[in-house]
Amino acid sequence: MLGPAEFEDMRLDFLAAEQARLYDVAFASLNRYWTSRGATSVGSVTRICELVYERAAERHPSDWKAIVSEATAEAGFQVRWHGDEVVSLEAKP
């Protein structure tokens with residue numbers, strides 16, 4: 001028989017899996033951009049990754065584009081989109 005602790009553990013595992021799935025979707029376009037053009041720096045990529053992961057918590061998967069835009073803006077970058085593809089990622093002045 002499962003008790004309250006086991007149900008809470010399963011709920012947390014489910015939330016973590018949802019957050020990781022949203023993180024993966026959000027990074028697909030950025031990863032394609034960085035692969036084709038190169039990344040600004042390891043530190044910038046790390047910071048953007050952290051911010052995207054934080055914002056992915058408790059957000060709907062359809063919010064992935066807003067999450068990327070918010071995270072890159074907080075990291076000091078302006079992201080420009082063409083549909084679902086990142087076409088430029090420039091440091092803000």
# chains A, B, ... in the order shown; residues from 1 in each chain; ligands from 1
call {"tool": "residues_around", "arguments": {"residues": "Gln19 in chain A", "least_positions_apart": "2", "cutoff": "9 Å", "atoms": "only C-alpha atoms", "output": "PyMOL selection string"}}
result
chain A and resi 14-17+21-24+53-59+61
call {"tool": "residues_around", "arguments": {"residues": "Ala39 in chain A", "least_positions_apart": "2", "cutoff": "12 Å", "atoms": "only C-alpha atoms", "output": "PyMOL selection string"}}
result
chain A and resi 30-37+41-46+48+77+88-91
call {"tool": "write_last_selection", "arguments": {"atoms": "all heavy atoms", "output": "short mmCIF file (atom, residue, chain, number, x, y, z; two decimals), in the first residue's frame"}}
result
data_model
loop_
_atom_site.label_atom_id
_atom_site.label_comp_id
_atom_site.auth_asym_id
_atom_site.auth_seq_id
_atom_site.Cartn_x
_atom_site.Cartn_y
_atom_site.Cartn_z
N LEU A 30 17.46 27.12 -29.52
CA LEU A 30 18.73 27.74 -29.13
C LEU A 30 19.91 26.84 -29.50
O LEU A 30 20.94 27.32 -29.98
CB LEU A 30 18.76 28.02 -27.63
CG LEU A 30 18.07 29.30 -27.18
CD1 LEU A 30 18.01 29.35 -25.66
CD2 LEU A 30 18.78 30.52 -27.72
N ASN A 31 19.75 25.55 -29.27
CA ASN A 31 20.82 24.62 -29.59
C ASN A 31 21.12 24.61 -31.08
O ASN A 31 22.28 24.61 -31.49
CB ASN A 31 20.49 23.22 -29.10
CG ASN A 31 21.67 22.29 -29.19
OD1 ASN A 31 22.78 22.65 -28.83
ND2 ASN A 31 21.44 21.10 -29.71
N ARG A 32 20.08 24.63 -31.91
CA ARG A 32 20.31 24.68 -33.36
C ARG A 32 21.03 25.97 -33.75
O ARG A 32 21.95 25.96 -34.57
CB ARG A 32 18.97 24.56 -34.11
CG ARG A 32 18.42 23.17 -34.15
CD ARG A 32 17.23 23.03 -35.09
NE ARG A 32 16.09 23.82 -34.68
CZ ARG A 32 15.15 23.39 -33.84
NH1 ARG A 32 15.24 22.18 -33.31
NH2 ARG A 32 14.12 24.16 -33.54
N TYR A 33 20.65 27.07 -33.12
CA TYR A 33 21.30 28.35 -33.41
C TYR A 33 22.78 28.30 -33.01
O TYR A 33 23.66 28.66 -33.78
CB TYR A 33 20.58 29.49 -32.65
CG TYR A 33 21.27 30.82 -32.82
CD1 TYR A 33 21.08 31.57 -33.98
CD2 TYR A 33 22.12 31.30 -31.85
CE1 TYR A 33 21.72 32.78 -34.14
CE2 TYR A 33 22.77 32.51 -32.00
CZ TYR A 33 22.56 33.25 -33.15
OH TYR A 33 23.22 34.44 -33.31
N TRP A 34 23.04 27.85 -31.79
CA TRP A 34 24.43 27.79 -31.31
C TRP A 34 25.27 26.82 -32.13
O TRP A 34 26.45 27.05 -32.36
CB TRP A 34 24.47 27.41 -29.84
CG TRP A 34 24.08 28.53 -28.92
CD1 TRP A 34 24.27 29.87 -29.13
CD2 TRP A 34 23.42 28.43 -27.68
NE1 TRP A 34 23.78 30.59 -28.07
CE2 TRP A 34 23.24 29.73 -27.16
CE3 TRP A 34 22.95 27.35 -26.93
CZ2 TRP A 34 22.64 29.99 -25.94
CZ3 TRP A 34 22.34 27.62 -25.71
CH2 TRP A 34 22.19 28.92 -25.22
N THR A 35 24.68 25.71 -32.57
CA THR A 35 25.41 24.74 -33.37
C THR A 35 25.82 25.32 -34.72
O THR A 35 26.93 25.11 -35.19
CB THR A 35 24.55 23.47 -33.58
OG1 THR A 35 24.27 22.90 -32.30
CG2 THR A 35 25.28 22.45 -34.43
N SER A 36 24.92 26.09 -35.32
CA SER A 36 25.23 26.63 -36.65
C SER A 36 26.09 27.90 -36.61
O SER A 36 26.85 28.16 -37.52
CB SER A 36 23.94 26.91 -37.42
OG SER A 36 23.23 27.98 -36.82
N ARG A 37 25.98 28.68 -35.55
CA ARG A 37 26.70 29.97 -35.51
C ARG A 37 27.70 30.10 -34.39
O ARG A 37 28.46 31.05 -34.36
CB ARG A 37 25.68 31.10 -35.40
CG ARG A 37 24.85 31.24 -36.66
CD ARG A 37 23.74 32.25 -36.47
NE ARG A 37 22.87 32.33 -37.62
CZ ARG A 37 21.84 31.54 -37.83
NH1 ARG A 37 21.55 30.60 -36.99
NH2 ARG A 37 21.10 31.68 -38.91
N SER A 41 29.60 32.55 -25.24
CA SER A 41 30.60 32.08 -24.29
C SER A 41 30.00 30.97 -23.45
O SER A 41 28.78 30.85 -23.34
CB SER A 41 31.07 33.22 -23.36
OG SER A 41 30.04 33.55 -22.44
N VAL A 42 30.87 30.19 -22.84
CA VAL A 42 30.40 29.11 -21.99
C VAL A 42 29.60 29.68 -20.82
O VAL A 42 28.56 29.17 -20.45
CB VAL A 42 31.58 28.25 -21.49
CG1 VAL A 42 31.12 27.25 -20.45
CG2 VAL A 42 32.24 27.55 -22.65
N GLY A 43 30.09 30.79 -20.26
CA GLY A 43 29.39 31.41 -19.14
C GLY A 43 28.00 31.88 -19.51
O GLY A 43 27.05 31.71 -18.75
N SER A 44 27.86 32.47 -20.68
CA SER A 44 26.54 32.93 -21.14
C SER A 44 25.60 31.76 -21.37
O SER A 44 24.43 31.82 -20.98
CB SER A 44 26.68 33.73 -22.43
OG SER A 44 27.40 34.90 -22.22
N VAL A 45 26.08 30.72 -21.99
CA VAL A 45 25.25 29.55 -22.24
C VAL A 45 24.82 28.94 -20.91
O VAL A 45 23.64 28.61 -20.72
CB VAL A 45 25.99 28.51 -23.11
CG1 VAL A 45 25.21 27.20 -23.17
CG2 VAL A 45 26.23 29.06 -24.50
N THR A 46 25.74 28.82 -19.98
CA THR A 46 25.42 28.26 -18.66
C THR A 46 24.35 29.09 -17.96
O THR A 46 23.39 28.55 -17.42
CB THR A 46 26.68 28.17 -17.78
OG1 THR A 46 27.63 27.33 -18.44
CG2 THR A 46 26.37 27.61 -16.41
N ILE A 48 22.10 31.16 -19.32
CA ILE A 48 20.83 31.02 -20.01
C ILE A 48 20.19 29.66 -19.68
O ILE A 48 18.99 29.58 -19.42
CB ILE A 48 20.99 31.21 -21.53
CG1 ILE A 48 21.36 32.67 -21.83
CG2 ILE A 48 19.73 30.80 -22.29
CD1 ILE A 48 21.80 32.93 -23.26
N PHE A 77 20.68 39.32 -23.15
CA PHE A 77 20.66 39.11 -24.59
C PHE A 77 19.29 39.40 -25.17
O PHE A 77 18.28 39.24 -24.50
CB PHE A 77 21.05 37.66 -24.94
CG PHE A 77 22.47 37.35 -24.63
CD1 PHE A 77 22.84 36.90 -23.37
CD2 PHE A 77 23.46 37.52 -25.59
CE1 PHE A 77 24.15 36.62 -23.08
CE2 PHE A 77 24.78 37.25 -25.30
CZ PHE A 77 25.13 36.80 -24.04
N SER A 88 18.70 35.28 -34.29
CA SER A 88 19.85 36.01 -33.76
C SER A 88 19.72 36.08 -32.24
O SER A 88 18.63 36.05 -31.68
CB SER A 88 19.96 37.42 -34.35
OG SER A 88 18.94 38.25 -33.85
N LEU A 89 20.87 36.14 -31.63
CA LEU A 89 20.98 36.27 -30.19
C LEU A 89 22.13 37.24 -29.94
O LEU A 89 23.29 36.88 -30.12
CB LEU A 89 21.25 34.91 -29.55
CG LEU A 89 21.24 34.85 -28.03
CD1 LEU A 89 19.86 35.19 -27.48
CD2 LEU A 89 21.66 33.47 -27.55
N GLU A 90 21.78 38.46 -29.60
CA GLU A 90 22.78 39.51 -29.47
C GLU A 90 22.81 40.07 -28.06
O GLU A 90 21.75 40.20 -27.42
CB GLU A 90 22.47 40.64 -30.45
CG GLU A 90 22.43 40.18 -31.89
CD GLU A 90 21.85 41.24 -32.82
OE1 GLU A 90 21.39 42.29 -32.34
OE2 GLU A 90 21.84 40.96 -34.03
N ALA A 91 24.00 40.43 -27.61
CA ALA A 91 24.13 41.04 -26.29
C ALA A 91 23.46 42.41 -26.32
O ALA A 91 23.58 43.15 -27.29
CB ALA A 91 25.60 41.19 -25.92
#
call {"tool": "closest_residue", "arguments": {"among": "A:Lys92, A:Asp9, A:His60, A:Ala66", "to": "Gln78 in chain A", "atoms": "only C-alpha atoms"}}
result
A:Lys92
call {"tool": "atom_distance", "arguments": {"atom1": "CA of Ala26 in chain A", "atom2": "CA of Glu8 in chain A"}}
result
26.8 Å
call {"tool": "closest_residue", "arguments": {"among": "A:Asp13, A:Ala5, A:Val52, A:Pro93", "to": "Ile67 in chain A", "atoms": "only C-alpha atoms"}}
result
A:Val52
call {"tool": "closest_residue", "arguments": {"among": "A:Phe27, A:Glu6, A:Gly83, A:Arg47", "to": "Val68 in chain A", "atoms": "only C-alpha atoms"}}
result
A:Phe27
call {"tool": "select_by_dssp", "arguments": {"residues": "chain A", "states": "alpha helix (DSSP H)", "output": "PyMOL selection string"}}
result
chain A and resi 4-37+42-56+64-74
call {"tool": "atom_distance", "arguments": {"atom1": "CA of Ala73 in chain A", "atom2": "CA of Val87 in chain A"}}
result
15.2 Å
